[in-house]
Each structure stands twice: as structure tokens, then as C-alpha cells.
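Novice: For reference, the structure I am asking about is given below.
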Amino acid sequence: MQEEPPTTWRAILQRRVPYVARLTDADRSELFGKMQVFLAEKHFEGCGGLELTDEIKVTIAAQACILLLHRESEFYPGLDSILVYPHAYVAPVRQRRPDGTVFEGVQARLGESWVRGVVVLSWDDVVGGAADVNDGHNVVFHEFAHQLDNESGYGDGAPALPRRSMYVAWARVLSDEYAQLRDAIHLQRPTVLDPYGATNPAEFFAVATEAFFEKPGPLKQLHPELYGQLQQFYAQDPAALG
């Protein structure tokens with residue numbers, strides 16, 4: 001029997017998270033149950049003058065919990081708080097460039113995932129990322145993929161996999177695909193993956209997660225091995241949802 005969500009959730013999800021409509025009844029039921037646990041466990045905080053509402057929390061929780069469907073896992077055990085700004089926000093940044101020089105300054109951000117304890121999101125970009133389920137850009141999927149990556153102890157693009165036997169194939173496939181993306185960017189070739197994934201292996205995994213859920217058909221066609229690894233990890237087959 002399908003578990004019914006609180007009455008207000010249905011309207012919020014219909015308006016803000018159209019991806020949920022793609023799910024089977026069984027998956028929606030599982031999602032609602034995971035959302036209830038997630039919302040009970042995690043602390044939300046409005047920043048920059050944003051007043052938190054149930055709409056904000058439910059919209060974020062739904063997308064975060066989509067990544068957990070079918071998986072025997074804890075609910076982002078390293079995460080305590082979700083900070084939500086009304087718009088893109090400015091954060092200090094220190095980056096080492098390829099030539100060895102170091103850039104220090106500020107950078108506008110849509111979201112970020114800290115190694116321990118915190119995810120930061122821009123509400124405008126949460127809404128925009130969820131609105132188009134086919135564009136391959138979803139800031140919640142991206143930042144919560146980083147949280148999954150960090151569960152292994154390192155944010156290196158190799159999350160804790162369900163079985164030890166998966167690690168060899170995961171390392172080979174994702175390393176090869178990461179190199180191919182870097183080559184494609186260098187040669188200015190179009191890619192199904194966001195070029196930001198060429199930044200480092202951790203960003204590659206987060207970007208690949210966005211594509212897996214939002215561009216599953218093209219990803220499966222053009223990068224079948226990568227799709228297969230993500231399908232095993234997430235225990236889902238978005239390309240089959242239509």
C-alpha cells in the first residue's frame with residue numbers, strides 16, 4: 001500500500017519537483033518515507049534574510065532523497081545542517097592555478113558541500129535546477145552527490161560503493177571518462193556532461209550524477225559504461241522511466 005505524504009507535500013512537489021512525477025508509485029512511496037526521516041534529522045537555516053518555509057524544506061528534501069532510493073544507506077550521516085540563501089551568494093575562494101600561481105578573492109556560488117556537517121544552497125538555483133528535468137543542471141543533486149562522495153572519507157569521486165568488487169571497475173571507468181571529458185573540453189567538443197566536471201574527480205562524480213538523473217538517455221547512449229557504474233551505485237535506471 002502506498003504511503004501517503006502530508007497533504008501539502010503533493011502540491012509542493014507537483015509545482016517544484018517535476019522529477020517526482022516520473023517515479024513509479026512504489027518509488028514515490030519510498031521517497032515520501034525517506035523525506036520524513038530526512039526532515040526530522042536535518043536542521044535547516046535561512047541565511048541572507050531568507051525566511052524558511054515548508055516549501056523550501058520539502059523541495060530540497062525530495063531531491064536529496066531521490067539519490068537515496070533503493071539504497072541501503074544512512075541519511076547523509078555526515079550532514080547536520082542545510083543553509084539556504086535566497087540567491088547566489090558570495091564566498092571567499094583560494095585556488096591554485098595550473099601555472100602554480102594562487103588566486104585569492106571572492107566567487108559567486110549556487111551551492112557548496114562541506115566535508116563535514118553542512119550543505120549550502122541558493123534557493124533561486126534550487127528552484128531553477130529542479131524546474132527543467134532534462135537540462136542536466138541540478139544544484140541539489142550536485143551538492144548531495146558530494147555528500148555521498150564524502151562518506152568514503154575522501155571527496156575524491158569514489159564514494160563508498162555497495163560491494164568491494166565494484167571498486168576496480170569504478171576506478172577504471174570513471175578515470176577514463178574523466179580523462180575523456182578533459183580532452184573534449186581542451187578540443188572544444190560538445191559533451192553531454194557539464195564541462196565543470198573536468199575540474200577534478202570529485203566534481204566529475206557530482207556532474208555525472210546530475211546527468212544520470214536528468215539526461216539519462218543521452219548519457220546511456222554516449223557513455224554506457226559510466227551510466228552502468230552509476231546505475232549500480234544508485235540502484236536506479238532513470239533512462240527506463242521515460
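Identifiers in this document derive from the order of the C-alpha cells: chains are assigned A, B, ..., residues are numbered from 1 separately in each chain, and ligands are numbered from 1 in order of occurrence.
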Skip range 53-62 of chain A itself and residues of its chain fewer than 2 positions away, then list as a list in words all residues within 6 Å of it, counting only C-alpha atoms.
Specialist: Met35, Ala64 and Cys65 of chain A
Novice: So that I can check the surroundings of Gln36 in chain A, please list as an MDAnalysis selection string every protein, DNA and RNA residue that reaches within 12 Å of it, counting only C-alpha atoms and ignoring chain neighbours fewer than 2 positions away.
Specialist: chainID A and resid 3:6 9 29:34 38:42 57:58 61:62 64:65 75
Novice: Those selected residues, please, written with N, CA and C atoms and delivered as a PDB file, in the first residue's frame.
Specialist:
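Done, and the output landed in again19.pdb:
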```pdb
ATOM      1  N   GLU A   3       2.345   4.731   0.764  1.00  0.00           N
ATOM      2  CA  GLU A   3       2.294   5.651   1.897  1.00  0.00           C
ATOM      3  C   GLU A   3       1.947   7.045   1.387  1.00  0.00           C
ATOM      4  N   GLU A   4       0.969   7.662   2.023  1.00  0.00           N
ATOM      5  CA  GLU A   4       0.537   8.985   1.604  1.00  0.00           C
ATOM      6  C   GLU A   4       1.363  10.062   2.314  1.00  0.00           C
ATOM      7  N   PRO A   5       1.818  11.061   1.584  1.00  0.00           N
ATOM      8  CA  PRO A   5       2.570  12.151   2.211  1.00  0.00           C
ATOM      9  C   PRO A   5       1.612  13.130   2.877  1.00  0.00           C
ATOM     10  N   PRO A   6       2.124  14.028   3.711  1.00  0.00           N
ATOM     11  CA  PRO A   6       1.270  15.106   4.206  1.00  0.00           C
ATOM     12  C   PRO A   6       0.601  15.827   3.040  1.00  0.00           C
ATOM     13  N   TRP A   9       2.429  18.383   0.806  1.00  0.00           N
ATOM     14  CA  TRP A   9       3.579  17.955   0.016  1.00  0.00           C
ATOM     15  C   TRP A   9       3.222  17.767  -1.453  1.00  0.00           C
ATOM     16  N   SER A  29       6.290   6.284  -2.931  1.00  0.00           N
ATOM     17  CA  SER A  29       6.008   5.894  -1.558  1.00  0.00           C
ATOM     18  C   SER A  29       7.297   5.802  -0.741  1.00  0.00           C
ATOM     19  N   GLU A  30       8.319   5.177  -1.344  1.00  0.00           N
ATOM     20  CA  GLU A  30       9.614   5.087  -0.666  1.00  0.00           C
ATOM     21  C   GLU A  30      10.205   6.474  -0.453  1.00  0.00           C
ATOM     22  N   LEU A  31      10.081   7.330  -1.460  1.00  0.00           N
ATOM     23  CA  LEU A  31      10.609   8.686  -1.358  1.00  0.00           C
ATOM     24  C   LEU A  31       9.959   9.440  -0.214  1.00  0.00           C
ATOM     25  N   PHE A  32       8.634   9.354  -0.092  1.00  0.00           N
ATOM     26  CA  PHE A  32       7.949  10.078   0.968  1.00  0.00           C
ATOM     27  C   PHE A  32       8.437   9.619   2.343  1.00  0.00           C
ATOM     28  N   GLY A  33       8.646   8.328   2.491  1.00  0.00           N
ATOM     29  CA  GLY A  33       9.144   7.821   3.767  1.00  0.00           C
ATOM     30  C   GLY A  33      10.542   8.328   4.073  1.00  0.00           C
ATOM     31  N   LYS A  34      11.404   8.347   3.065  1.00  0.00           N
ATOM     32  CA  LYS A  34      12.762   8.841   3.285  1.00  0.00           C
ATOM     33  C   LYS A  34      12.759  10.338   3.587  1.00  0.00           C
ATOM     34  N   PHE A  38      14.488  12.303   6.692  1.00  0.00           N
ATOM     35  CA  PHE A  38      15.443  13.365   6.373  1.00  0.00           C
ATOM     36  C   PHE A  38      15.046  14.675   7.052  1.00  0.00           C
ATOM     37  N   LEU A  39      13.787  15.055   6.939  1.00  0.00           N
ATOM     38  CA  LEU A  39      13.326  16.322   7.516  1.00  0.00           C
ATOM     39  C   LEU A  39      13.352  16.292   9.034  1.00  0.00           C
ATOM     40  N   ALA A  40      13.193  15.122   9.607  1.00  0.00           N
ATOM     41  CA  ALA A  40      13.252  15.006  11.069  1.00  0.00           C
ATOM     42  C   ALA A  40      14.685  15.079  11.580  1.00  0.00           C
ATOM     43  N   GLU A  41      15.635  14.628  10.756  1.00  0.00           N
ATOM     44  CA  GLU A  41      17.030  14.544  11.202  1.00  0.00           C
ATOM     45  C   GLU A  41      17.843  15.799  10.921  1.00  0.00           C
ATOM     46  N   LYS A  42      17.544  16.512   9.836  1.00  0.00           N
ATOM     47  CA  LYS A  42      18.412  17.600   9.404  1.00  0.00           C
ATOM     48  C   LYS A  42      17.867  18.959   9.825  1.00  0.00           C
ATOM     49  N   LYS A  57      11.902  23.507   2.455  1.00  0.00           N
ATOM     50  CA  LYS A  57      12.434  22.278   3.040  1.00  0.00           C
ATOM     51  C   LYS A  57      11.987  21.033   2.274  1.00  0.00           C
ATOM     52  N   VAL A  58      10.729  20.986   1.883  1.00  0.00           N
ATOM     53  CA  VAL A  58      10.217  19.823   1.148  1.00  0.00           C
ATOM     54  C   VAL A  58      10.856  19.720  -0.231  1.00  0.00           C
ATOM     55  N   ALA A  61      14.438  18.467   0.358  1.00  0.00           N
ATOM     56  CA  ALA A  61      14.440  17.095   0.874  1.00  0.00           C
ATOM     57  C   ALA A  61      14.094  16.084  -0.212  1.00  0.00           C
ATOM     58  N   ALA A  62      13.114  16.421  -1.058  1.00  0.00           N
ATOM     59  CA  ALA A  62      12.706  15.486  -2.109  1.00  0.00           C
ATOM     60  C   ALA A  62      13.874  15.168  -3.032  1.00  0.00           C
ATOM     61  N   ALA A  64      17.142  15.598  -2.473  1.00  0.00           N
ATOM     62  CA  ALA A  64      18.210  14.905  -1.745  1.00  0.00           C
ATOM     63  C   ALA A  64      17.880  13.425  -1.590  1.00  0.00           C
ATOM     64  N   CYS A  65      16.616  13.118  -1.340  1.00  0.00           N
ATOM     65  CA  CYS A  65      16.223  11.728  -1.089  1.00  0.00           C
ATOM     66  C   CYS A  65      16.045  10.918  -2.362  1.00  0.00           C
ATOM     67  N   PHE A  75      21.041   8.344   6.155  1.00  0.00           N
ATOM     68  CA  PHE A  75      20.550   9.569   5.548  1.00  0.00           C
ATOM     69  C   PHE A  75      21.606  10.665   5.657  1.00  0.00           C
TER      70      PHE A  75
END
```
Novice: As an exercise, work out the distance from CA of Val168 in chain A to CA of Gln236 in chain A in Å and give it to one decimal place.
Specialist: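 That distance, rounded to one decimal, is 20.6 Å.
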Novice: Rounded to one decimal, what separation in Å do you get between CA of Gly155 in chain A and CA of Ala179 in chain A?
Specialist: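 That distance, rounded to one decimal, is 18.0 Å.
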Novice: Out of A:Pro238, A:Pro224, A:Gly117, A:Pro18, which residue has the shortest atom-to-atom distance to His43 in chain A when counting only C-alpha atoms?
Specialist: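 Among A:Pro238, A:Pro224, A:Gly117, A:Pro18, it is A:Gly117 that comes nearest to His43 in chain A.
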Novice: Mind giving me the straight-line distance from CA of Leu241 in chain A to CA of Arg22 in chain A in Å, one decimal?
Specialist: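 Result for CA of Leu241 in chain A versus CA of Arg22 in chain A: 6.2 Å, one decimal.
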Novice: Mind listing the strand (DSSP E or B) residues of range 88-217 of chain A, per DSSP on the backbone, as a PDB file with N, CA and C atoms, in the first residue's frame?
Specialist:
```pdb
ATOM      1  N   TYR A  89      25.200  33.433  -3.701  1.00  0.00           N
ATOM      2  CA  TYR A  89      25.875  34.149  -2.626  1.00  0.00           C
ATOM      3  C   TYR A  89      27.369  34.214  -2.923  1.00  0.00           C
ATOM      4  N   VAL A  90      28.051  35.070  -2.204  1.00  0.00           N
ATOM      5  CA  VAL A  90      29.481  35.270  -2.420  1.00  0.00           C
ATOM      6  C   VAL A  90      30.265  34.595  -1.304  1.00  0.00           C
ATOM      7  N   ALA A  91      31.290  33.855  -1.677  1.00  0.00           N
ATOM      8  CA  ALA A  91      32.125  33.164  -0.701  1.00  0.00           C
ATOM      9  C   ALA A  91      33.589  33.393  -1.032  1.00  0.00           C
ATOM     10  N   PRO A  92      34.450  33.432  -0.006  1.00  0.00           N
ATOM     11  CA  PRO A  92      35.887  33.575  -0.282  1.00  0.00           C
ATOM     12  C   PRO A  92      36.424  32.321  -0.952  1.00  0.00           C
ATOM     13  N   VAL A  93      37.409  32.492  -1.825  1.00  0.00           N
ATOM     14  CA  VAL A  93      37.960  31.354  -2.535  1.00  0.00           C
ATOM     15  C   VAL A  93      39.472  31.506  -2.651  1.00  0.00           C
ATOM     16  N   ARG A  94      40.158  30.373  -2.564  1.00  0.00           N
ATOM     17  CA  ARG A  94      41.611  30.336  -2.763  1.00  0.00           C
ATOM     18  C   ARG A  94      41.901  29.154  -3.678  1.00  0.00           C
ATOM     19  N   GLN A  95      42.380  29.439  -4.885  1.00  0.00           N
ATOM     20  CA  GLN A  95      42.588  28.396  -5.885  1.00  0.00           C
ATOM     21  C   GLN A  95      44.008  28.442  -6.438  1.00  0.00           C
ATOM     22  N   ARG A  96      44.575  27.253  -6.584  1.00  0.00           N
ATOM     23  CA  ARG A  96      45.884  27.152  -7.243  1.00  0.00           C
ATOM     24  C   ARG A  96      45.671  26.901  -8.720  1.00  0.00           C
ATOM     25  N   VAL A 102      48.546  31.332  -7.256  1.00  0.00           N
ATOM     26  CA  VAL A 102      47.394  31.155  -6.376  1.00  0.00           C
ATOM     27  C   VAL A 102      46.480  32.366  -6.487  1.00  0.00           C
ATOM     28  N   PHE A 103      45.209  32.107  -6.745  1.00  0.00           N
ATOM     29  CA  PHE A 103      44.211  33.171  -6.808  1.00  0.00           C
ATOM     30  C   PHE A 103      43.437  33.211  -5.503  1.00  0.00           C
ATOM     31  N   GLU A 104      43.343  34.393  -4.916  1.00  0.00           N
ATOM     32  CA  GLU A 104      42.527  34.590  -3.728  1.00  0.00           C
ATOM     33  C   GLU A 104      41.544  35.719  -3.994  1.00  0.00           C
ATOM     34  N   GLY A 105      40.297  35.489  -3.656  1.00  0.00           N
ATOM     35  CA  GLY A 105      39.282  36.508  -3.869  1.00  0.00           C
ATOM     36  C   GLY A 105      37.927  36.015  -3.431  1.00  0.00           C
ATOM     37  N   VAL A 106      36.879  36.462  -4.100  1.00  0.00           N
ATOM     38  CA  VAL A 106      35.531  36.016  -3.785  1.00  0.00           C
ATOM     39  C   VAL A 106      34.898  35.466  -5.064  1.00  0.00           C
ATOM     40  N   GLN A 107      33.897  34.627  -4.872  1.00  0.00           N
ATOM     41  CA  GLN A 107      33.270  33.944  -6.001  1.00  0.00           C
ATOM     42  C   GLN A 107      31.789  33.779  -5.718  1.00  0.00           C
ATOM     43  N   ALA A 108      30.965  34.056  -6.720  1.00  0.00           N
ATOM     44  CA  ALA A 108      29.529  33.815  -6.577  1.00  0.00           C
ATOM     45  C   ALA A 108      29.280  32.314  -6.672  1.00  0.00           C
ATOM     46  N   ARG A 109      28.438  31.798  -5.781  1.00  0.00           N
ATOM     47  CA  ARG A 109      28.190  30.360  -5.743  1.00  0.00           C
ATOM     48  C   ARG A 109      26.698  30.064  -5.706  1.00  0.00           C
ATOM     49  N   GLY A 111      25.843  26.872  -4.687  1.00  0.00           N
ATOM     50  CA  GLY A 111      25.779  25.912  -3.594  1.00  0.00           C
ATOM     51  C   GLY A 111      27.157  25.372  -3.309  1.00  0.00           C
ATOM     52  N   GLU A 112      27.292  24.720  -2.177  1.00  0.00           N
ATOM     53  CA  GLU A 112      28.544  24.056  -1.842  1.00  0.00           C
ATOM     54  C   GLU A 112      28.282  23.000  -0.784  1.00  0.00           C
ATOM     55  N   SER A 113      29.150  22.012  -0.753  1.00  0.00           N
ATOM     56  CA  SER A 113      29.039  20.920   0.200  1.00  0.00           C
ATOM     57  C   SER A 113      30.314  20.866   1.011  1.00  0.00           C
ATOM     58  N   GLY A 117      29.312  18.157   7.791  1.00  0.00           N
ATOM     59  CA  GLY A 117      28.281  18.878   8.517  1.00  0.00           C
ATOM     60  C   GLY A 117      27.331  19.784   7.778  1.00  0.00           C
ATOM     61  N   VAL A 118      27.716  20.366   6.631  1.00  0.00           N
ATOM     62  CA  VAL A 118      26.904  21.441   6.071  1.00  0.00           C
ATOM     63  C   VAL A 118      26.799  21.345   4.546  1.00  0.00           C
ATOM     64  N   VAL A 119      25.581  21.599   4.035  1.00  0.00           N
ATOM     65  CA  VAL A 119      25.357  21.884   2.622  1.00  0.00           C
ATOM     66  C   VAL A 119      24.777  23.284   2.549  1.00  0.00           C
ATOM     67  N   VAL A 120      25.272  24.097   1.611  1.00  0.00           N
ATOM     68  CA  VAL A 120      24.787  25.464   1.403  1.00  0.00           C
ATOM     69  C   VAL A 120      24.155  25.524   0.018  1.00  0.00           C
ATOM     70  N   LEU A 121      22.974  26.145  -0.066  1.00  0.00           N
ATOM     71  CA  LEU A 121      22.246  26.207  -1.329  1.00  0.00           C
ATOM     72  C   LEU A 121      21.648  27.586  -1.550  1.00  0.00           C
ATOM     73  N   SER A 122      21.545  27.969  -2.806  1.00  0.00           N
ATOM     74  CA  SER A 122      20.801  29.158  -3.214  1.00  0.00           C
ATOM     75  C   SER A 122      19.395  28.708  -3.607  1.00  0.00           C
TER      76      SER A 122
END
```
Novice: So that I can see what lies close to Phe141 in chain A, please list as a list in words the residues with an atom at most 8 Å from it, counting only C-alpha atoms and leaving out residues fewer than 5 positions away in the same chain.
Specialist: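 In the requested format, the answer is Gln63, Ala64, Leu67, Ala206, Thr209 and Glu210 of chain A.
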Novice: May I have the residues within 7 Å of range 194-200 of chain A as a list in words, using only C-alpha atoms and disregarding those fewer than 3 positions away in the same chain?
Specialist: Tyr178, Leu181, Arg182, Ile185, Glu203, Phe204 and Val207 of chain A
Novice: Apply DSSP to the structure's backbone, then extract all residues of range 118-167 of chain A labelled helix (DSSP H, G or I) and return them as JSON, numbers by chain.
Specialist: {"A": [123, 124, 125, 126, 127, 128, 129, 130, 131, 139, 140, 141, 142, 143, 144, 145, 146, 147, 148, 149, 150, 164, 165, 166, 167]}
